[in-house]
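S.K.: Contents of query_9.cif (mmCIF, C-alpha atoms and all ligand atoms):
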data_structure
loop_
_atom_site.label_atom_id
_atom_site.label_comp_id
_atom_site.auth_asym_id
_atom_site.auth_seq_id
_atom_site.Cartn_x
_atom_site.Cartn_y
_atom_site.Cartn_z
CA MET A 1294 -9.38 25.16 18.14
CA THR A 1295 -5.71 24.51 19.00
CA ASP A 1296 -6.17 20.75 19.09
CA VAL A 1297 -3.46 18.69 17.51
CA ILE A 1298 -4.75 15.91 15.25
CA GLN A 1299 -2.71 12.78 14.68
CA HIS A 1300 -3.43 9.70 12.55
CA LYS A 1301 -1.59 6.49 11.84
CA ALA A 1302 -1.91 4.38 8.69
CA TYR A 1303 -0.43 0.91 8.56
CA ALA A 1304 1.62 -1.07 6.08
CA ARG A 1305 -0.30 -3.51 3.89
CA ILE A 1306 0.28 -6.90 2.39
CA GLY A 1307 -1.17 -7.91 -0.94
CA LEU A 1308 -2.10 -11.52 -0.11
CA LEU A 1309 -3.59 -12.54 -3.45
CA GLY A 1310 -4.37 -10.96 -6.78
CA ASN A 1311 -1.87 -8.09 -6.80
CA PRO A 1312 -1.00 -6.30 -9.04
CA SER A 1313 -4.28 -6.88 -10.91
CA ASP A 1314 -5.80 -3.98 -8.90
CA VAL A 1315 -4.06 -1.70 -11.40
CA TYR A 1316 -5.94 -3.53 -14.22
CA TYR A 1317 -9.62 -3.96 -13.28
CA GLY A 1318 -8.81 -7.16 -11.33
CA ASN A 1319 -9.37 -8.42 -7.79
CA THR A 1320 -7.20 -8.57 -4.70
CA ILE A 1321 -7.27 -9.71 -1.10
CA SER A 1322 -5.16 -7.33 0.96
CA ILE A 1323 -4.32 -7.12 4.63
CA SER A 1324 -3.56 -4.15 6.80
CA ILE A 1325 -0.79 -4.99 9.30
CA THR A 1326 0.31 -3.32 12.53
CA ASN A 1327 3.97 -4.37 12.17
CA PHE A 1328 4.73 -0.97 10.60
CA TRP A 1329 3.00 2.38 10.26
CA ALA A 1330 3.27 5.98 9.16
CA SER A 1331 1.90 8.77 11.30
CA VAL A 1332 0.96 12.31 10.36
CA LYS A 1333 0.44 15.20 12.75
CA LEU A 1334 -1.65 18.26 11.94
CA GLU A 1335 -1.25 21.33 14.17
CA PRO A 1336 -3.19 24.52 13.63
CA SER A 1337 -0.79 27.33 12.65
CA GLU A 1338 -0.73 30.81 11.21
CA HIS A 1339 0.75 29.74 7.88
CA LEU A 1340 0.29 26.52 5.95
CA ILE A 1341 3.50 24.54 6.46
CA VAL A 1342 4.59 21.10 5.26
CA LYS A 1343 7.53 20.03 7.42
CA PRO A 1344 10.36 17.95 5.93
CA HIS A 1345 11.26 14.84 7.93
CA HIS A 1346 14.73 15.05 9.52
CA PHE A 1347 15.78 11.72 7.99
CA HIS A 1348 13.48 10.90 5.07
CA ASP A 1349 13.81 14.37 3.52
CA LEU A 1350 17.49 14.88 4.30
CA VAL A 1351 18.95 17.99 2.68
CA GLU A 1352 22.08 18.44 4.81
CA PHE A 1353 25.01 16.07 4.31
CA ASP A 1354 28.47 15.39 5.76
CA SER A 1355 30.09 15.52 2.35
CA LEU A 1356 29.49 15.21 -1.38
CA ASN A 1357 30.21 11.51 -1.04
CA HIS A 1358 27.51 11.22 1.64
CA LEU A 1359 25.00 13.03 -0.58
CA VAL A 1360 25.69 10.80 -3.59
CA ASN A 1361 25.63 7.65 -1.50
CA ARG A 1362 22.32 8.62 0.01
CA LEU A 1363 20.75 9.37 -3.38
CA GLU A 1364 21.98 6.06 -4.75
CA THR A 1365 20.53 4.02 -1.91
CA GLU A 1366 17.37 5.98 -1.04
CA GLY A 1367 16.56 7.96 -4.18
CA PHE A 1368 15.70 11.64 -4.43
CA TYR A 1369 12.36 11.74 -2.71
CA GLY A 1370 10.90 11.54 0.76
CA GLY A 1371 7.40 12.17 2.03
CA VAL A 1372 7.09 15.95 1.59
CA ARG A 1373 5.92 15.65 -2.00
CA LEU A 1374 3.28 13.13 -0.91
CA LEU A 1375 1.91 15.51 1.74
CA MET A 1376 1.81 18.39 -0.71
CA ALA A 1377 0.08 16.24 -3.33
CA ILE A 1378 -2.70 15.13 -0.97
CA CYS A 1379 -3.25 18.76 0.11
CA LYS A 1380 -3.79 19.67 -3.54
CA ILE A 1381 -6.06 16.71 -4.30
CA PHE A 1382 -8.07 17.24 -1.12
CA TYR A 1383 -8.60 20.91 -1.87
CA LYS A 1384 -9.69 20.24 -5.45
CA TYR A 1385 -12.00 17.41 -4.41
CA CYS A 1386 -13.73 19.66 -1.88
CA LYS A 1387 -14.04 22.46 -4.37
CA ASN A 1388 -15.52 20.19 -7.06
CA ASN A 1389 -17.97 18.70 -4.59
CA LEU A 1390 -19.00 22.06 -3.13
CA ILE A 1391 -17.65 21.16 0.31
CA ASP A 1392 -16.90 24.37 2.22
CA LEU A 1393 -13.55 24.50 4.00
CA HIS A 1394 -12.82 26.96 6.80
CA GLU A 1395 -9.90 29.30 6.27
CA ARG A 1396 -7.66 28.34 9.20
CA ASN A 1397 -4.16 27.04 8.42
CA PHE A 1398 -2.15 24.09 9.67
CA THR A 1399 1.28 22.53 9.85
CA LEU A 1400 1.71 18.95 8.65
CA SER A 1401 4.56 16.72 9.80
CA TYR A 1402 5.09 12.99 9.44
CA ASP A 1403 7.06 10.02 10.64
CA THR A 1404 7.20 6.45 9.40
CA ASN A 1405 8.82 3.15 10.32
CA ILE A 1406 7.61 1.36 7.18
CA PRO A 1407 10.76 0.11 5.46
CA ARG A 1408 11.17 2.48 2.60
CA GLN A 1409 9.92 1.49 -0.84
CA THR A 1410 9.68 -2.21 -0.08
CA GLY A 1411 6.23 -2.90 -1.48
CA LEU A 1412 4.64 -2.48 1.94
CA SER A 1413 2.91 0.65 0.82
CA GLY A 1414 4.93 3.18 2.72
CA SER A 1415 3.96 5.86 0.23
CA SER A 1416 0.20 5.59 0.55
CA ALA A 1417 0.42 5.16 4.34
CA ILE A 1418 1.79 8.70 4.59
CA VAL A 1419 -0.90 10.00 2.24
CA CYS A 1420 -3.71 8.10 4.00
CA ALA A 1421 -2.72 9.37 7.45
CA ALA A 1422 -2.58 12.94 6.11
CA LEU A 1423 -6.02 12.61 4.51
CA ASN A 1424 -7.47 11.43 7.82
CA CYS A 1425 -5.97 14.47 9.58
CA MET A 1426 -7.55 16.83 7.06
CA LEU A 1427 -10.95 15.12 7.23
CA ASP A 1428 -10.92 15.80 10.98
CA PHE A 1429 -9.44 19.30 10.82
CA TYR A 1430 -12.19 20.43 8.48
CA LYS A 1431 -14.77 18.17 10.17
CA ILE A 1432 -15.97 16.73 6.87
CA ARG A 1433 -15.55 12.98 7.49
CA HIS A 1434 -19.29 12.51 6.92
CA LEU A 1435 -19.06 14.22 3.52
CA VAL A 1436 -16.37 12.01 1.99
CA ARG A 1437 -17.53 8.41 1.59
CA VAL A 1438 -15.10 5.68 2.62
CA GLU A 1439 -15.15 4.16 -0.87
CA GLU A 1440 -13.98 7.50 -2.29
CA ARG A 1441 -11.06 7.96 0.07
CA PRO A 1442 -8.73 5.40 -1.57
CA ASN A 1443 -9.26 7.25 -4.87
CA LEU A 1444 -8.12 10.52 -3.31
CA ILE A 1445 -5.01 8.83 -1.93
CA LEU A 1446 -4.24 7.27 -5.30
CA ASP A 1447 -4.85 10.56 -7.11
CA ALA A 1448 -2.25 12.23 -4.90
CA GLU A 1449 0.35 9.70 -6.04
CA LYS A 1450 -0.79 9.87 -9.67
CA GLU A 1451 -0.23 13.61 -9.41
CA LEU A 1452 3.44 12.73 -8.85
CA GLY A 1453 3.57 10.33 -11.78
CA ILE A 1454 3.70 7.21 -9.58
CA VAL A 1455 2.01 4.25 -11.35
CA ALA A 1456 0.03 2.47 -8.65
CA GLY A 1457 -3.30 0.86 -7.92
CA LEU A 1458 -6.04 1.08 -5.33
CA GLN A 1459 -5.42 -2.01 -3.20
CA ASP A 1460 -2.92 -0.33 -0.86
CA ARG A 1461 -5.19 2.59 -0.24
CA VAL A 1462 -8.29 0.48 0.33
CA ALA A 1463 -6.48 -1.70 2.89
CA GLN A 1464 -5.22 1.41 4.66
CA VAL A 1465 -8.61 3.13 4.76
CA TYR A 1466 -10.58 0.01 5.78
CA GLY A 1467 -8.14 -2.00 7.94
CA GLY A 1468 -8.42 -5.74 8.49
CA VAL A 1469 -8.64 -8.10 5.51
CA VAL A 1470 -10.55 -6.88 2.47
CA PHE A 1471 -11.62 -8.64 -0.72
CA MET A 1472 -11.58 -6.03 -3.47
CA ASP A 1473 -13.31 -6.17 -6.81
CA PHE A 1474 -12.05 -3.58 -9.29
CA GLY A 1475 -14.15 -4.88 -12.20
CA LYS A 1476 -14.39 -2.45 -15.10
CA THR A 1477 -18.18 -2.14 -14.90
CA HIS A 1478 -18.31 -0.80 -11.35
CA MET A 1479 -15.04 1.11 -11.66
CA GLU A 1480 -16.63 3.00 -14.54
CA LYS A 1481 -20.14 3.21 -13.09
CA LEU A 1482 -19.35 3.92 -9.43
CA GLY A 1483 -15.84 5.36 -9.80
CA HIS A 1484 -14.51 2.87 -7.27
CA GLY A 1485 -14.34 -0.86 -6.59
CA ILE A 1486 -16.54 -3.00 -4.38
CA TYR A 1487 -14.81 -3.60 -1.08
CA SER A 1488 -15.90 -6.48 1.15
CA PRO A 1489 -14.22 -6.84 4.56
CA MET A 1490 -13.48 -10.44 5.58
CA ASP A 1491 -13.10 -12.01 9.01
CA ILE A 1492 -9.45 -11.71 10.05
CA SER A 1493 -9.65 -15.02 11.93
CA LEU A 1494 -9.82 -16.81 8.55
CA LEU A 1495 -6.12 -16.13 8.02
CA PRO A 1496 -3.47 -18.67 8.99
CA PRO A 1497 -0.22 -17.39 10.59
CA LEU A 1498 1.74 -15.47 7.96
CA TYR A 1499 5.32 -14.20 7.90
CA LEU A 1500 6.85 -11.09 6.49
CA ILE A 1501 10.32 -11.22 4.98
CA TYR A 1502 12.07 -8.08 3.81
CA ALA A 1503 15.40 -6.51 3.05
CA GLU A 1504 16.53 -2.91 3.08
CA ASN A 1505 16.30 -2.71 -0.67
CA PRO A 1506 14.41 0.30 -2.01
CA SER A 1507 12.61 -0.26 -5.30
CA ASP A 1508 10.41 2.26 -7.03
CA SER A 1509 6.90 0.89 -7.58
CA GLY A 1510 6.34 3.40 -10.38
CA LYS A 1511 9.40 2.16 -12.26
CA VAL A 1512 8.54 -1.50 -11.71
CA HIS A 1513 5.06 -0.98 -13.11
CA SER A 1514 5.59 1.35 -16.04
CA THR A 1515 6.55 -1.18 -18.78
CA VAL A 1516 3.79 -3.66 -17.96
CA ARG A 1517 1.31 -0.82 -17.73
CA LYS A 1518 2.27 0.36 -21.19
CA ARG A 1519 1.99 -3.15 -22.64
CA TRP A 1520 -1.42 -3.61 -21.00
CA LEU A 1521 -2.64 -0.29 -22.42
CA ASP A 1522 -1.36 -1.34 -25.87
CA GLY A 1523 -3.56 -4.45 -25.61
CA ASP A 1524 -0.68 -6.96 -25.35
CA ASP A 1525 -2.46 -10.37 -25.31
CA PHE A 1526 0.02 -12.05 -22.98
CA ILE A 1527 -0.10 -9.27 -20.35
CA ARG A 1528 -3.89 -8.99 -20.57
CA SER A 1529 -4.54 -12.71 -20.15
CA THR A 1530 -1.91 -13.17 -17.42
CA MET A 1531 -3.39 -10.26 -15.51
CA LYS A 1532 -6.84 -11.91 -15.68
CA GLU A 1533 -5.34 -15.09 -14.28
CA VAL A 1534 -3.78 -13.10 -11.42
CA ALA A 1535 -7.14 -11.47 -10.66
CA ASN A 1536 -8.86 -14.88 -10.55
CA LEU A 1537 -6.46 -16.03 -7.84
CA ALA A 1538 -8.09 -13.54 -5.45
CA VAL A 1539 -11.58 -14.66 -6.41
CA GLU A 1540 -10.61 -18.28 -5.81
CA GLY A 1541 -8.67 -17.29 -2.70
CA ARG A 1542 -11.73 -15.79 -1.11
CA GLN A 1543 -13.55 -19.16 -1.25
CA VAL A 1544 -10.42 -20.99 -0.16
CA LEU A 1545 -10.09 -18.75 2.92
CA LEU A 1546 -13.77 -19.14 3.78
CA GLN A 1547 -13.23 -22.92 3.69
CA LYS A 1548 -9.90 -22.59 5.54
CA ASP A 1549 -8.34 -24.73 2.81
CA TYR A 1550 -4.78 -23.68 3.59
CA ALA A 1551 -3.04 -26.18 1.32
CA LYS A 1552 -4.86 -24.58 -1.59
CA LEU A 1553 -4.06 -21.10 -0.24
CA ALA A 1554 -0.36 -22.00 -0.40
CA SER A 1555 -0.64 -23.07 -4.02
CA LEU A 1556 -2.55 -19.89 -4.98
CA MET A 1557 0.13 -17.70 -3.34
CA ASN A 1558 2.89 -19.49 -5.24
CA HIS A 1559 0.98 -19.27 -8.49
CA ASN A 1560 0.49 -15.54 -7.90
CA PHE A 1561 4.24 -15.07 -7.67
CA ASP A 1562 4.95 -17.27 -10.69
CA LEU A 1563 2.67 -15.09 -12.82
CA ARG A 1564 4.64 -12.01 -11.76
CA SER A 1565 7.39 -13.24 -14.06
CA MET A 1566 5.55 -11.21 -16.73
CA PHE A 1567 7.45 -8.19 -15.31
CA GLY A 1568 10.80 -9.80 -16.19
CA ASP A 1569 13.61 -10.66 -13.74
CA ASP A 1570 15.32 -7.29 -14.13
CA ALA A 1571 12.30 -5.36 -12.92
CA LEU A 1572 11.66 -7.86 -10.12
CA GLY A 1573 15.19 -7.56 -8.78
CA GLU A 1574 17.71 -10.21 -7.77
CA MET A 1575 17.34 -9.77 -4.02
CA ASN A 1576 13.56 -9.95 -4.21
CA LEU A 1577 13.70 -13.15 -6.21
CA LYS A 1578 16.11 -14.58 -3.65
CA MET A 1579 13.64 -13.93 -0.81
CA VAL A 1580 10.97 -15.92 -2.60
CA GLU A 1581 13.44 -18.70 -3.42
CA ILE A 1582 14.60 -19.04 0.17
CA ALA A 1583 11.04 -19.48 1.38
CA ARG A 1584 10.30 -22.02 -1.32
CA GLU A 1585 13.41 -24.02 -0.46
CA VAL A 1586 11.88 -24.89 2.92
CA GLY A 1587 8.51 -25.62 1.31
CA ALA A 1588 6.86 -22.33 2.36
CA ALA A 1589 4.52 -20.54 -0.03
CA SER A 1590 5.67 -17.02 -0.86
CA LYS A 1591 4.93 -14.01 -2.99
CA PHE A 1592 5.59 -10.26 -3.10
CA THR A 1593 3.54 -8.10 -0.73
CA GLY A 1594 3.57 -5.33 -3.32
CA SER A 1595 5.84 -4.44 -6.20
CA GLY A 1596 9.01 -5.74 -4.55
CA GLY A 1597 11.22 -5.52 -1.46
CA ALA A 1598 9.10 -7.61 0.88
CA VAL A 1599 7.62 -11.08 0.69
CA VAL A 1600 4.68 -12.68 2.49
CA ALA A 1601 5.26 -16.33 3.37
CA PHE A 1602 3.03 -19.09 4.67
CA CYS A 1603 4.27 -22.37 6.16
CA PRO A 1604 1.55 -24.99 5.51
CA ALA A 1605 3.54 -27.65 7.38
CA GLY A 1606 3.46 -25.70 10.66
CA PRO A 1607 5.96 -24.62 13.37
CA LEU A 1608 8.93 -26.78 12.34
CA GLN A 1609 8.77 -25.32 8.87
CA VAL A 1610 8.56 -21.83 10.39
CA GLU A 1611 11.79 -22.54 12.29
CA LEU A 1612 13.50 -23.64 9.09
CA LEU A 1613 12.28 -20.51 7.35
CA GLN A 1614 13.57 -18.29 10.15
CA GLU A 1615 16.99 -19.96 10.04
CA ALA A 1616 17.19 -19.66 6.25
CA CYS A 1617 16.27 -15.96 6.35
CA GLU A 1618 18.76 -15.17 9.08
CA LYS A 1619 21.49 -16.97 7.16
CA ALA A 1620 20.72 -14.97 4.03
CA GLY A 1621 20.57 -11.66 5.96
CA PHE A 1622 16.83 -11.09 5.49
CA ILE A 1623 14.58 -9.87 8.26
CA ILE A 1624 11.60 -12.06 9.09
CA GLN A 1625 8.73 -11.39 11.45
CA PRO A 1626 5.23 -12.73 12.14
CA VAL A 1627 2.49 -10.73 10.44
CA GLN A 1628 0.23 -8.88 12.88
CA VAL A 1629 -3.11 -8.26 11.24
CA ALA A 1630 -4.87 -4.98 12.04
CA SER A 1631 -8.59 -4.96 12.84
CA SER A 1632 -11.00 -2.83 10.84
CA PHE A 1633 -10.45 0.94 11.24
CA LEU A 1634 -13.91 2.07 10.29
CA ASN A 1635 -16.03 3.81 12.89
CA ASP A 1636 -19.79 4.41 12.93
CA MET A 1637 -19.48 7.70 11.11
CA ASP A 1638 -17.43 6.08 8.33
CA LEU A 1639 -19.84 3.16 7.98
CA GLY A 1640 -22.82 5.49 8.11
CA ASN A 1641 -21.82 7.16 4.87
CA SER A 1642 -20.72 4.01 3.05
CA SER A 1643 -22.85 2.52 0.30
CA SER A 1644 -21.18 -0.79 -0.52
CA THR A 1645 -19.80 -2.31 2.69
N1 LIG A 1701 9.36 5.28 4.15
C1 LIG A 1701 9.25 6.38 3.37
N2 LIG A 1701 9.58 7.59 3.83
C2 LIG A 1701 9.42 8.68 3.07
N3 LIG A 1701 8.94 8.67 1.83
C3 LIG A 1701 8.60 7.49 1.32
C4 LIG A 1701 8.71 6.28 2.05
N4 LIG A 1701 8.28 5.27 1.28
C5 LIG A 1701 7.91 5.82 0.13
N5 LIG A 1701 8.10 7.16 0.14
C6 LIG A 1701 7.77 8.09 -0.94
O1 LIG A 1701 6.79 7.47 -1.81
C7 LIG A 1701 7.29 7.36 -3.15
C8 LIG A 1701 6.79 6.08 -3.81
O2 LIG A 1701 7.12 4.96 -3.03
P1 LIG A 1701 6.77 3.49 -3.51
O3 LIG A 1701 7.75 3.09 -4.56
O4 LIG A 1701 5.32 3.46 -3.85
O5 LIG A 1701 7.08 2.66 -2.19
P2 LIG A 1701 6.15 1.78 -1.26
O6 LIG A 1701 6.29 0.39 -1.76
O7 LIG A 1701 6.71 1.90 0.12
O8 LIG A 1701 4.77 2.33 -1.35
C9 LIG A 1701 8.81 7.47 -2.97
O9 LIG A 1701 9.41 7.91 -4.14
C10 LIG A 1701 8.93 8.47 -1.83
O10 LIG A 1701 8.69 9.82 -2.31
O1 LIG A 1702 2.80 -4.51 -7.71
C1 LIG A 1702 2.06 -4.60 -6.72
O2 LIG A 1702 1.73 -5.69 -6.25
C2 LIG A 1702 1.56 -3.31 -6.09
O3 LIG A 1702 2.53 -2.28 -6.33
C3 LIG A 1702 2.26 -1.00 -5.75
O4 LIG A 1702 2.38 -1.08 -4.34
P1 LIG A 1702 3.81 -0.75 -3.58
O5 LIG A 1702 3.63 -1.04 -2.13
O6 LIG A 1702 4.07 0.70 -3.80
O7 LIG A 1702 4.84 -1.60 -4.21
C4 LIG A 1702 0.88 -0.54 -6.20
O8 LIG A 1702 0.52 0.66 -5.57
C5 LIG A 1702 -0.20 -1.60 -5.97
O9 LIG A 1702 -1.44 -1.15 -6.49
C6 LIG A 1702 0.20 -2.90 -6.65
O10 LIG A 1702 -0.75 -3.91 -6.45
MG MG A 1703 3.64 2.72 -2.96
#
For this file, write the structure as structure tokens.
M.R.:
Amino acid sequence: MTDVIQHKAYARIGLLGNPSDVYYGNTISISITNFWASVKLEPSEHLIVKPHHFHDLVEFDSLNHLVNRLETEGFYGGVRLLMAICKIFYKYCKNNLIDLHERNFTLSYDTNIPRQTGLSGSSAIVCAALNCMLDFYKIRHLVRVEERPNLILDAEKELGIVAGLQDRVAQVYGGVVFMDFGKTHMEKLGHGIYSPMDISLLPPLYLIYAENPSDSGKVHSTVRKRWLDGDDFIRSTMKEVANLAVEGRQVLLQKDYAKLASLMNHNFDLRSMFGDDALGEMNLKMVEIAREVGAASKFTGSGGAVVAFCPAGPLQVELLQEACEKAGFIIQPVQVASSFLNDMDLGNSSST
């Protein structure tokens, strides 16, 4: 009864096809153990959502400190995410006639995912919290794995954040997943078709990032509006982006890494549809630096971090490391997470 429940959810990299997940496209995404968010649920008398001592700072040294902090980190931390998933979870259970016991809990969180860098720090917090609640109420078998990414996305939608499913799928499934968000099954099933791939198909990848918060909701809103208005250029470019993941799946199965490099670069080039202002100068610089040494590179998400691949091998990796250090960017090898699904999760899944 008094057991503490704790779950981690990891950062993710959009390897190919992002951001077409927001637009009935396809992606290949990877869950990585380099960074994670963790959420703790402790039974308690009242229902409490605890602010994080750093990410939800409300006490400052001075007015100058407060303003500086808001300008670099924005207004929000993770508390709103935890509250939003509580609301979505409760409503989902109610609508699906899932009985919840009446005991209360305290939620707290921590994260080392660089903030708002397109590594999916937001949905990691939400995903870890959802896992805690599934265990607290012992209803894991009643909420299918394919549905869970939708709940996580709904929590962020509740806050007005424009985002897609790829982050949430990678964080629920783990490993490498090919995702098909085609309109037909999105409308018929209410979710995409998610096919885990063998993680050993991936070549060594590198993560480059800078402390450079960018708001994924803001980055996406203009393109989203143009897509909804039926803008021909945005619609056709987004289809092209989606096809890169479809092609990428075959390319990975054949271990054709030269082709993988060209697909990654093409993916980034198509992101120019967002416009340089939305993409951000520092983000563009990260991609440029990788390309200068002949590495393939693209955004992991909506901006802040870049995934790079060195098709020419270790010497090229050294050049890339030197170039990043010189420019003040952090670079580290990507550590791919294995699948997170257990027997109970797989037992209630219909499409994996
Ligand atoms: N590391 C973090 N710590 C606390 N809250 C975060 C963090 N990262 C994101 N958030 C919360 O999630 C919201 C959306 O973040 P988002 O732009 O999607 O970033 P990311 O690329 O990391 O997912 C932020 O406005 C903030 O409320
Ligand atoms: O633009 C993208 O590639 C992704 O942007 C968001 O992810 P984030 O890590 O918050 O930048 C969004 O949630 C994803 O669905 C997009 O593919
Ligand atoms: Mg996000």
S.K.: Enclose the full set of atoms of stretch 1442-1454 of chain A listed in the file within a box whose edges lie along x, y and z, apply 3 Å of padding to each of the six sides, and report centre and edge lengths in Å to one decimal as AutoDock Vina command-line options.
M.R.:
--center_x -2.8 --center_y 9.5 --center_z -6.7 --size_x 19.0 --size_y 14.2 --size_z 16.2
S.K.: For stretch 1513-1518 of chain A, find every residue with an atom within 12 Å (counting only C-alpha atoms), except residues of its own chain fewer than 5 positions away, and show them as JSON, numbers by chain.
M.R.: {"A": [1311, 1312, 1313, 1314, 1315, 1316, 1411, 1453, 1454, 1455, 1456, 1457, 1507, 1508, 1523, 1524, 1525, 1526, 1527, 1528, 1530, 1531, 1564, 1565, 1566, 1567, 1568, 1570, 1571, 1572, 1594, 1595, 1596]}
S.K.: Can you work out the spacing between atom CA of A:Trp1329 and atom CA of A:Ser1416 in Å, to one decimal?
M.R.: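 Computing it gives 10.6 Å between the two atoms.
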S.K.: Distance limit 7 Å, reference ligand LIG 1701 (chain A), atoms considered: only C-alpha atoms and all ligand atoms. Which residues make the cut? Give them as a ChimeraX atom specification.
M.R.: /A:1348,1369-1371,1373-1374,1404-1416,1454,1507-1510,1594-1595
S.K.: Selected residues, C-alpha atoms, written as a short mmCIF file (atom, residue, chain, number, x, y, z; two decimals), keeping the file's coordinate frame, please.
M.R.:
data_model
loop_
_atom_site.label_atom_id
_atom_site.label_comp_id
_atom_site.auth_asym_id
_atom_site.auth_seq_id
_atom_site.Cartn_x
_atom_site.Cartn_y
_atom_site.Cartn_z
CA HIS A 1348 13.48 10.90 5.07
CA TYR A 1369 12.36 11.74 -2.71
CA GLY A 1370 10.90 11.54 0.76
CA GLY A 1371 7.40 12.17 2.03
CA ARG A 1373 5.92 15.65 -2.00
CA LEU A 1374 3.28 13.13 -0.91
CA THR A 1404 7.20 6.45 9.40
CA ASN A 1405 8.82 3.15 10.32
CA ILE A 1406 7.61 1.36 7.18
CA PRO A 1407 10.76 0.11 5.46
CA ARG A 1408 11.17 2.48 2.60
CA GLN A 1409 9.92 1.49 -0.84
CA THR A 1410 9.68 -2.21 -0.08
CA GLY A 1411 6.23 -2.90 -1.48
CA LEU A 1412 4.64 -2.48 1.94
CA SER A 1413 2.91 0.65 0.82
CA GLY A 1414 4.93 3.18 2.72
CA SER A 1415 3.96 5.86 0.23
CA SER A 1416 0.20 5.59 0.55
CA ILE A 1454 3.70 7.21 -9.58
CA SER A 1507 12.61 -0.26 -5.30
CA ASP A 1508 10.41 2.26 -7.03
CA SER A 1509 6.90 0.89 -7.58
CA GLY A 1510 6.34 3.40 -10.38
CA GLY A 1594 3.57 -5.33 -3.32
CA SER A 1595 5.84 -4.44 -6.20
#
S.K.: When distances are computed from only C-alpha atoms and all ligand atoms, which of A:Ala1554, A:Ile1325, A:Val1419, A:Val1627 shows the smallest separation from ligand MG 1703 (chain A)?
M.R.: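 Looking at the shortest contact to ligand MG 1703 (chain A), the residue is A:Val1419.
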S.K.: Using Å and a single decimal, report how far atom CA of A:Phe1633 sits from atom CA of A:Ile1391.
M.R.: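 It comes out at 24.1 Å.
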S.K.: Any idea what's packed within 9 Å of A:Arg1441, counting all atoms listed in the file, ignoring anything in its chain fewer than 6 positions away? Could you give it as a list of chain:residue names?
M.R.: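 What passes the distance filter is A:Cys1420, A:Leu1423, A:Arg1461, A:Val1462, A:Val1465.
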S.K.: Ranking A:Glu1366, A:Glu1439, A:Gly1468, A:Arg1396 by minimum distance to A:Asp1638 and counting only C-alpha atoms, which one comes first?
M.R.: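 Selected residue with least distance to A:Asp1638: A:Glu1439.
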S.K.: Rounded to one decimal, what separation in Å do you get between atom CA of A:Pro1604 and atom CA of A:Val1544?
M.R.: 13.8 Å
S.K.: Given only C-alpha atoms and all ligand atoms as the basis, pick out the residue of A:Val1512, A:Ala1421, A:Leu1608, A:Leu1390 nearest to ligand MG 1703 (chain A).
M.R.: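 Ranked by minimum distance to ligand MG 1703 (chain A), first place goes to A:Val1512.
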S.K.: Which one is closest to ligand LIG 1702 (chain A): A:Leu1494, A:Ile1381, A:Val1534, A:Leu1546? Count only C-alpha atoms and all ligand atoms.
M.R.: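 With only C-alpha atoms and all ligand atoms as the atom set, the closest residue is A:Val1534.
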S.K.: I'd like to know which of A:Leu1458, A:Cys1379, A:Ala1551, A:Ala1302 is closest to ligand LIG 1702 (chain A), using all atoms listed in the file.
M.R.: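 So, comparing all the options, the nearest one is A:Leu1458.
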